[in-house]
Structures are given as C-alpha cells and as structure tokens.
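Q: Take this structure, written in structure tokens, and hold onto it; I'll ask about it next.
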Amino acid sequence: MLPKHLRRLEAESIEIMRDVVAEFKRPVMLYSIGKDSSVMLHIAIKAFYPAKLPFPLLHVDTTWKFREMISFRDATARRLGLDLIVHVNKEGLARGINPIDSGSALHTQVMKTDALKQALDLHGFDAAFGGARRDEEKSRAKERILSFRSAGHVWDPRNQRPELWSLFNTRIRQGETMRVFAMSNWTELEVWEYIMIEKIPVVPLYFAKQRPIVRRNGATIMVDDQRLPLNRDETPEMRMIRFRTLGCYPLSGAIESDATTIEDIVAEMQTTTVSERQGRLIDTDEAASMEKKKREGYF
Amino acid sequence: MFTNPTTEPVPARTKDQLRFITCGSVDDGKSTLIGRLLHDSKMIYHDQLTALERDSVKHGSTGNDIDFALLVDGLEAEREQGITIDVAYRFFTTPRRSFMVADTPGHEQYTRNMATGASHAQLAIILIDARKGVMVQTRRHSFICSLLGIRHVVLAVNKIDLVAYNKECFDRIARDYLAFAAGLSFTSIVPIPISARYGDNVVDRSAHANWYHGPCLLEHLESIDIQSGTASQAFRFPVQWVNRPNPDFRGYAGSIASGRISTGDEIVVAASGRTTRVKRIVTHDGDLVAAEAEDAVTITLEDEIDISRGDILSRPDDRPKVADQLAAYVIWMDREPLAPGRNYVLRIGSQTISGSITAIRHRIDVNTCEHLAAGTLSLNEIAFCDVVTATPAVFDPYDLNRKTGSFIVIDRYTNRTVGAGMIAFPLRRATNIARQALSVHRMERAALKNQKPCVIWFTGLSGAGKSTIANLVDQKLFAMSRHTMLLDGDNLRHGLNADLGFSETDRVENIRRVGEVAKLMADSGLIVICSFISPTRAERDRVRSLVGKEEFIEVFVDTPLEECARRDPKGLYSKVKSGKIKNFTGIDSCYEAPATPEVHLRTMEQTLEHSAEAVVDILMARSILDG
C-alpha cells in the first residue's frame, strides 16, 4: 500500500492523463527511458487499465544514448506490448552532428529539440506527455501542467494560461500543441520512493557498479563505447559509479556511489548534498540556459 | 527482463502533504522566506548554493549576504526587474510532511496569479512587514484567500529584527489583523514573529524574541491539522473518461471529488436522473470494495445506462444541483474585459458547456470589500455575477465542494482562460425538481426506426443551395427507408416563428427555437435535416451543444457571394441592391463561415447530386444508418 503522499501524487497524475486523453485528438507520451519516464509509463498503465494505453510512446533517439538504455527500452516495449515510435533526426545524422565535435548545445538543439519537433509534426500529435518535474530546475518551477505551445512549438512564458484547481483549458487551434507535465508536483525523492514501493524496473545505470570512466571539466564521464575519443593522457579507470539522470552518455555526469540497490538509492537521496541536474552538462552552457532551450521547443 | 536489485525492504514512511501559498506585498520578503525555509530545512544543494552565491553578487539586493530570493525567482525577465511575476511552485520535505509552496506575486495587477496559487492551497502564509503593520495589500490577500476557500492562515510578522524584536509591535499587528479578519471565513489564524533574512522562528527558535512562546513556522506547518473532511462529505464522482476496451467492459474513470462509495451502493446520474448500483470499483492493483475522496478509480455499474464525460454520479438522497442559471463569484483574468451576455466556454469539473455571464450584481473592491456597481469586469477584478448555461450544469456550492463548485471561463476565439468562478447557488426554483428520467430512451426509439438520431445542420449564404441539397439528402434517406424530418428556415417563419422579424435578437430567438425543436425531434429518434443561414458561429455552437456534439453534423454549403447574387433564386439580392431589404447576410450583415464543419461542400466544384451524396456518406461513416 502506498503512503498517503504518494497515493495523492499518483491520483493527481492519473487525473491529468485521463483528462488529456479525453480532450485531445492525438496524444503521445515522450519516453526518455529514464526513471521519470518509467514512473510516468507505470502511472499511465494504471490510469487506463483495463484498456491498453490509448496513445503511442515516442523516443527521440540522439544515437548517443547509453547502450544499456536502448536495450532497456526495447525490453520494456516488448514486456508491456507498447506501441513505441523511435525517431532519429536523419538530416542531423547525415550532417554528422554529434556531442563531441559539434558541442553539447548544437547536438542538443539538432538531435533532441529539432528531432522532437519533427516527430510531433510528422505524426500530427497535438498533446505530448513529458516527465519533467517542477523541482528539477528554477525555470521549471513556474511551468504549467498543460504548457501551451503556439504553432512551431514556441513556448512563450508570458502567454501561458492560468491554471486553477484541476480545471485545464485544453482548447487549441490547428497547429498548436500542448506539452503535458503530469508529474509536475513530484520530487526526485518521491520518484525513487514510488519506484521502490511499486517495484518499477529502471535502467541498471542508476545502480552503482564498477564502470570505466574518464574525468573531464570536473565531470565523470563513462566510456560507453569506442566513439568517445580519448586524449593521450587519458586512460579509462574503473570506478564505483552510478547516474542520477540519464541522457547522451558523453553529456551525462556520473556520481561516485555505493548505492547498489533501490533502498540504497532512497537512503542516498535523503542525505545527498548536490542537486540532480548537477551532472547534466547541457544546463550549464550559459545562465538561464534551460529557459532559452524551452523557448526553442526543448522539452 | 530487468528487475531492480533490492536489499531488505525499508518501511514506507507515512506522511501526508500540505500545499500552501505565501502572500505579501512587494518587499515583504516572500521569496526570501521561501528561500530560507528551503535552506534551513536542508533542501538546497551545494551546487545550487554556489550558483546562488555567484548570482547574489550579480543580481542580489542584500550586499554581500546571500540573497535567498534569487533561489525562487526563476525567469530571466523577473531577475532583471527584481520582482516575481508568476506563480512558482517549490517543494520541500521534512520527516513529518512533504510540502508544496505556491509563491505568488504581491503586485495589485497580479491578483490573477494569487488566485491561481490559492486554488491549490490548503493554508496561506500572509506576510506583514513589522514596520508597516496591516496594509491595504494585506486585506486584499486575505480576502482572496478567503474567497478561494482557504481556511487556515499563518500571519507571519516579518522583519521583526528591524523593530528590535519588539513585543508590543507584534501584539498590535496581531490584534489589528484579527479584528479585520473576523469578517472573513478563516477557521484558524496563527500569528508568528519572524525574520526571514536571519532565520528567527522560521525553522529554529529565535534567540532574540524570547517573549514568544508559540510554535516556529515550520513546526506549525508540520503539525497543523488540515483534515479537509472531503471523505465524509456527499459522494461526488465526475466522470472523466469512458473506459471501453472491449464489448464486455464499460467502466467510468474518474477521481472521487468527495465522499466514499462501496460496491452495491445505489447511485444516480445527476443530469439524467437515472439510477443503478455500483458493480465493481476497478483499479490496476485489483478491485476495491470501497473508495473515497481523491482516489482515482474506474467504476462499473449494474445497468447499462447512458453516461459520458461530464456526468456526475452521486447518491440518490444527496444529489448535486442541476441548473442552467446560477450565481457565482467571478475573477477576471484577461486584458480584454468581460462582455456580459457574450458566449464563452465554461469548464465546470469535467463538463464543458457554452454559457454567458448575463449580469454583474456587484463588483467587489478587494481592498475594502465594498460592493460597487459595474457594467463590465477588467483584468484582476472580482464580481458577484449571474451565469446562464446553454445546457444544465451539475455542481455544488463552492463553499461545500471546491472540486464541483469551481469553473473556468474560456474565450471561444482566442482560447485564453479569461476568468475563474466559484459557484454560490443555483438561481432557479426549478432546481429542486430532479429531472424525470424517461422510461423509453431516445436510443430505443431510434433503434425501432433502424437508425441513430442526429441533426444535420446546413449553413451558408442565402442562395448558396442549402435547401436544394437538404431536399436531395431527404429524398435519398427516404428512399433508404429512414425516418427523417426537414426543417426549413422560410417554412418555419410562416408558423412557429411567425412573430419574429430580422433584428439581431429575433434572429437569435429564431435559431434558439429551431434548435429546441430539432432536439425534441432527435429525441424522438428522427434524423432531423435543418436548413438555415445561421450566420454566427455562436448560435450554431449553441445548437451543437444543445443537441450534443456527437449528434450534430454541420454542413457548410460554401458558395461565393458573387455566385449567390448571380443565381438569386428568390430575387432577394436584387431587392437588397435596390435598398428594399436591410440586414442581409453577406451584404451588410456578417456571415461567419464554420472553422471546422463536419462536411464542407464547395458548390462551384461539385454537383448538387455529389454534394448530397457526400452528406449521406458521412452518415454512413458515423454509423447513423446502422440502427
């Protein structure tokens, strides 16, 4: 049985998802393979049970995800019988965009943001669920649960609709879309508590293990495959590490940790002194950078 | 197969969540207080603190000290202006409770944001600057909190350090506030002397104000009993979504707004008056015997009755109100002022209904609580209004139920959320009469005729070909042995509507009557074909919501004005030309073409015969002719 605060958060997320499915023509769930996506998917299955998920899942693949993420994704899709769409920005790939030579900003813009917009347009999705939470980052704290995007996926912080009670304004015109953050009010700790109690499988990279790493600009980067060019003075060393957030492997900083089980992670979470986003290299590009990316259509 | 590695199970913490709002004027120190709460309850991480120290030098207003306000002011523009301009939600957890804080701005023009934050809160922290005492803004914030249904208040007398921790000063402010707040509907008010900047009485007890023996702020937030009591109230279940994965399962998904329900309990659908019993309470974790307020469940019923999104299930002996006229407090949230009488979209629970605010009884000055006369409402103004809906709404007074007593107002053209409302009471005596459920249902009548009822609505300019195509469709359906009825504008004006002219009001009344007649005919199982110019979207939408959008088929007969004038089958255009007719649609009176008609017939590109076939095709596609 879930404790009261988690039961309330779960019920709130379910209510949002059902509302969106009832009101929009073609919703989709953005599936990023991470812990938040795992929880979001789990809640969605609960929300529509006994019916099958009334929308497909979309994974925007930058081709630089950890290998374990991809095998986890495919295993999850098989296990749950999901309708999973994988989208890659083919033009970006052809232009050779990658996080190492192109830089994290351009790579994220082309392979993530542009790719997402392409996929939404291609399939005509009018509402897209995302697992972002308000506690992640300062500009997220003001984000609506239903975040309105005008044609071209533009987010204008001054043109967001007031949200009172749980009464959502779902009306949009042709070409306009809605991003739906059904887990807005969850915190990182609550996500982990929920994963523990509900026994939701997550990518093994979240658990500490000896893994090959190099250190760059103060970040701990895992050498996940041959594509990561090593400097002459760099030799990967084995370290007991895990990840708090997952993305493209050259852009995801690991933390040193002994948390090998889900219970260890919850315990670590209760005493940690650094924030979740500290390991994300893309957020530190420039001040207020998340807000900039969101205006451009980043999730 | 992936499974998470586990060690021995950790016992689940039993905690609950408190959602609160902070309100205060500019410079009262709201953001600083929240920053302080987060910091002192160890919710700020090292990397955030480092960024904060860096930002404090660049943007801060506290000299060399850390400016906690920068922790919560998010957007770039706000940082530059040094004010919070939107609602931000913050989270922190203690071993006893988890908290969600809505940080809302204090500027007068942002009443809208305060109301938004308050709608999510169970408690309000009202900040007062100890040097200034109870101000106009304090009254405004308190009034809005009270109106939005917040019952618990903490009066945080901030900057107590700047009055040298003076007890008399604190006592005087508390006394003033309690005297003022006696007129509002708070059940608990707890005054606490604090210094957000130095941390006195926020998380840790103040070493300076040792005359204060009450709780610290956090201690109070952790221990206050905020039992909402919604589980012990009348049962309300707004249906959100009909779950129909296969012909053997039909469940109604929703979150219980209040009360509790068990399998076998008798329930009634408020709008239709139909009763049945709860068969199962389905969840992914297994069926439940009973469920209560805030649970998200799927309910199945003993009898198959017609229920859709927007319906509210209740117990037969304790029903919500059903009325198409009601009185409500409305907060206006848009730059474009309220137009009384204009048609808006109202979202009441999961119901979406056309409606208008027909009269403003009085506007309320939020600073003095005075009642003022008003003809319209501007941004951030609050008024007590009469609301009329196109179809009856199901609701409770907001005082009794925040979930079923609230609504938002949406502009149908800009789609902006322009207002928010709290229902006071229904306006018609007739609401005491619960709707009589008919024992022969409309679908059964229609099934007898081997069809499904619907209203096919032809709209277009005079001379566009509406009546001709409508006639053809009628003939085709008749040939298929379907039971139809054709309502034509000109014909109805000879009888039912003989008393109406062509003024704006008469035109609206004309279409209203036609809509009601079409609905009665559809209720008797007929396929009703209507042919009316019906130039405005608002009146067509009104008929659409009256009939129900599933059964309304709008057919736009699209012929250019020049072509209509050339054909001029009734000689009307030549009369307009010679000045014998005024208010003629398309000439000196506007025609609003449908944005998304179910059928769009371009008569310059296809024959009348093809046009009629296109209409019959959509009837087939919608299984209307299937019986």
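Chain identifiers are assigned as A, B, and so on, following the order in which chains appear in the structure tokens; residues are numbered from 1 within each chain, and ligands are numbered from 1 in order of appearance.
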I need the alpha helix (DSSP H) residues of region 350-569 of chain B per DSSP on the backbone, written as a PyMOL selection string.

A: chain B and resi 442-448+466-479+489-492+504-523+537-547+561-567

Q: Do a neighbour search on Glu193 (chain A) at 9 Å with only C-alpha atoms, toss out local chain neighbours closer than 3 positions, and write the hits as a ChimeraX atom specification.

A: /A:6,188-190,196-198,262-263,266 /B:12

Q: For the selection just defined, write its residues with C-alpha atoms to a file, as a PDB file, in the first residue's frame.

A:
ATOM      1  CA  LEU A   6       2.493   9.140  -2.903  1.00  0.00           C
ATOM      2  CA  GLU A 188      13.146  13.318  -7.085  1.00  0.00           C
ATOM      3  CA  LEU A 189      12.930  11.582  -3.725  1.00  0.00           C
ATOM      4  CA  GLU A 190       9.265  10.764  -4.218  1.00  0.00           C
ATOM      5  CA  MET A 196      10.848   1.195  -4.683  1.00  0.00           C
ATOM      6  CA  ILE A 197       7.322   0.525  -3.423  1.00  0.00           C
ATOM      7  CA  GLU A 198       5.779  -0.158  -6.822  1.00  0.00           C
ATOM      8  CA  ILE A 262      16.919   0.658  -4.771  1.00  0.00           C
ATOM      9  CA  GLU A 263      16.821   1.028  -0.981  1.00  0.00           C
ATOM     10  CA  VAL A 266      16.417   6.190  -1.492  1.00  0.00           C
TER      11      VAL A 266
ATOM     12  CA  ALA B  12       7.208   3.008   3.938  1.00  0.00           C
TER      13      ALA B  12
END

Q: Find the residues around Ile456 (chain B) up to 8 Å (only C-alpha atoms counted), leave out those fewer than 6 positions away in its own chain, and share them as JSON, numbers by chain.

A: {"B": [527, 528, 529, 530, 552, 553, 554, 555]}

Q: Return the neighbours of chain B among the residues of chain A, cut-off 6 Å, counting only C-alpha atoms, as a PyMOL selection string.

A: chain A and resi 3-5+11+22+46+49+51+138-139+141-142+161+164-165+171+201+261-262+273-275

Q: Find the residues near Met240 (chain A): any atom within 6 Å, counting only C-alpha atoms, skip ones fewer than 3 places away on the same chain, and give them as JSON, numbers by chain.

A: {"A": [208, 209, 210, 256]}

Q: Need the shell around Asn583 (chain B): protein/DNA/RNA residues with any atom at most 10 Å away, counting only C-alpha atoms. Skip same-chain ones fewer than 6 positions apart. Format as JSON, numbers by chain?

A: {"B": [502, 503, 504, 576, 589, 590]}

Q: Residues near region 157-169 of chain B, anyone? I mean within 12 Å using only C-alpha atoms, not counting same-chain ones fewer than 6 positions away, as a PDB file with C-alpha atoms, in the first residue's frame.

A:
ATOM      1  CA  GLY B  24       2.670  39.508   0.823  1.00  0.00           C
ATOM      2  CA  SER B  25       3.400  42.840  -0.782  1.00  0.00           C
ATOM      3  CA  ASP B  27       9.435  43.793  -0.339  1.00  0.00           C
ATOM      4  CA  ASP B  28       7.636  41.967   2.443  1.00  0.00           C
ATOM      5  CA  GLY B  29      10.130  39.190   1.904  1.00  0.00           C
ATOM      6  CA  LYS B  30       8.086  36.320   0.471  1.00  0.00           C
ATOM      7  CA  THR B  32      13.327  35.354   0.999  1.00  0.00           C
ATOM      8  CA  LEU B  33      11.091  33.400   3.383  1.00  0.00           C
ATOM      9  CA  ILE B 125       1.109  32.412   4.965  1.00  0.00           C
ATOM     10  CA  ILE B 126       0.295  36.101   4.934  1.00  0.00           C
ATOM     11  CA  LEU B 127       3.401  38.225   5.344  1.00  0.00           C
ATOM     12  CA  ILE B 128       3.381  41.567   7.048  1.00  0.00           C
ATOM     13  CA  ASP B 129       6.313  43.931   7.383  1.00  0.00           C
ATOM     14  CA  ALA B 130       6.597  44.561  11.147  1.00  0.00           C
ATOM     15  CA  ARG B 131       7.472  48.190  10.447  1.00  0.00           C
ATOM     16  CA  LYS B 132       4.356  48.776   8.370  1.00  0.00           C
ATOM     17  CA  GLY B 133       1.611  46.699  10.006  1.00  0.00           C
ATOM     18  CA  VAL B 134      -1.661  45.690   8.332  1.00  0.00           C
ATOM     19  CA  THR B 138      -2.795  42.520   3.480  1.00  0.00           C
ATOM     20  CA  ARG B 175      -4.727  42.441  17.208  1.00  0.00           C
ATOM     21  CA  ASP B 176      -5.370  44.654  14.151  1.00  0.00           C
ATOM     22  CA  TYR B 177      -5.343  41.659  11.862  1.00  0.00           C
ATOM     23  CA  VAL B 190      -1.762  31.862  13.960  1.00  0.00           C
ATOM     24  CA  PRO B 191       0.450  34.972  14.269  1.00  0.00           C
ATOM     25  CA  ILE B 192       4.231  34.297  14.405  1.00  0.00           C
ATOM     26  CA  PRO B 193       7.026  36.908  14.701  1.00  0.00           C
ATOM     27  CA  ILE B 194       9.798  36.032  12.220  1.00  0.00           C
ATOM     28  CA  SER B 195      12.870  37.296  10.446  1.00  0.00           C
ATOM     29  CA  ALA B 196      13.170  35.556   7.106  1.00  0.00           C
ATOM     30  CA  ARG B 197      16.555  37.122   6.464  1.00  0.00           C
ATOM     31  CA  TYR B 198      18.137  35.957   9.722  1.00  0.00           C
ATOM     32  CA  GLY B 199      16.016  32.870  10.267  1.00  0.00           C
ATOM     33  CA  ASP B 200      14.292  33.782  13.545  1.00  0.00           C
ATOM     34  CA  ASN B 201      11.321  31.481  14.248  1.00  0.00           C
ATOM     35  CA  VAL B 202      11.347  30.066  10.717  1.00  0.00           C
ATOM     36  CA  SER B 206      14.564  32.968  17.814  1.00  0.00           C
ATOM     37  CA  ALA B 207      17.128  33.771  20.460  1.00  0.00           C
ATOM     38  CA  HIS B 208      16.011  37.397  20.407  1.00  0.00           C
ATOM     39  CA  ALA B 209      12.237  37.225  20.689  1.00  0.00           C
ATOM     40  CA  ASN B 210      12.195  35.145  23.842  1.00  0.00           C
ATOM     41  CA  TRP B 211       8.803  36.557  24.847  1.00  0.00           C
ATOM     42  CA  TYR B 212       7.240  34.460  22.071  1.00  0.00           C
ATOM     43  CA  HIS B 213       6.169  31.015  23.243  1.00  0.00           C
ATOM     44  CA  LEU B 217       6.743  28.497  11.405  1.00  0.00           C
TER      45      LEU B 217
END

Q: Which one is closest to Asn343 (chain B): B:Thr536, B:Gln227, B:Ser262, B:Ser314? Count only C-alpha atoms.

A: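 Of the candidates, the smallest distance to Asn343 (chain B) is held by B:Thr536.
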
Q: If you run DSSP over the backbone, which residues in region 463-616 of chain B end up strand (DSSP E)? Put them as a PyMOL selection string.

A: chain B and resi 484-488+527-531+552-558+599-602

Q: Could those selected residues go to a file with C-alpha atoms, as a short mmCIF file (atom, residue, chain, number, x, y, z; two decimals), in the first residue's frame?

A:
data_model
loop_
_atom_site.label_atom_id
_atom_site.label_comp_id
_atom_site.auth_asym_id
_atom_site.auth_seq_id
_atom_site.Cartn_x
_atom_site.Cartn_y
_atom_site.Cartn_z
CA THR B 484 -36.40 11.98 -41.41
CA MET B 485 -37.82 15.45 -40.91
CA LEU B 486 -36.81 18.56 -42.82
CA LEU B 487 -36.91 21.95 -41.08
CA ASP B 488 -36.51 24.88 -43.44
CA ILE B 527 -32.82 12.22 -38.44
CA VAL B 528 -33.51 15.96 -38.49
CA ILE B 529 -32.38 17.99 -41.51
CA CYS B 530 -32.19 21.73 -40.90
CA SER B 531 -31.56 24.42 -43.46
CA PHE B 552 -24.66 17.36 -34.60
CA ILE B 553 -23.43 17.41 -38.18
CA GLU B 554 -22.65 20.85 -39.51
CA VAL B 555 -22.73 21.09 -43.30
CA PHE B 556 -21.20 24.22 -44.75
CA VAL B 557 -22.67 24.98 -48.16
CA ASP B 558 -19.83 27.10 -49.50
CA VAL B 599 -18.94 18.49 -44.11
CA HIS B 600 -17.63 21.25 -46.37
CA LEU B 601 -19.46 21.42 -49.71
CA ARG B 602 -17.84 23.63 -52.34
#

Q: Quick one: everything within 7 Å of Leu372 (chain B), counting only C-alpha atoms, minus sequence neighbours fewer than 2 positions away in the same chain. Send it as a list of chain:residue names.

A: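 Neighbouring residues, sequence-local ones excluded: B:His362, B:Arg363, B:Ile364, B:Glu370, B:Ala374.
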
Q: Hey, can you check how far CA of Val154 (chain A) sits from CA of Pro597 (chain B)?

A: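 Between CA of Val154 (chain A) and CA of Pro597 (chain B) the gap is 27.7 Å.
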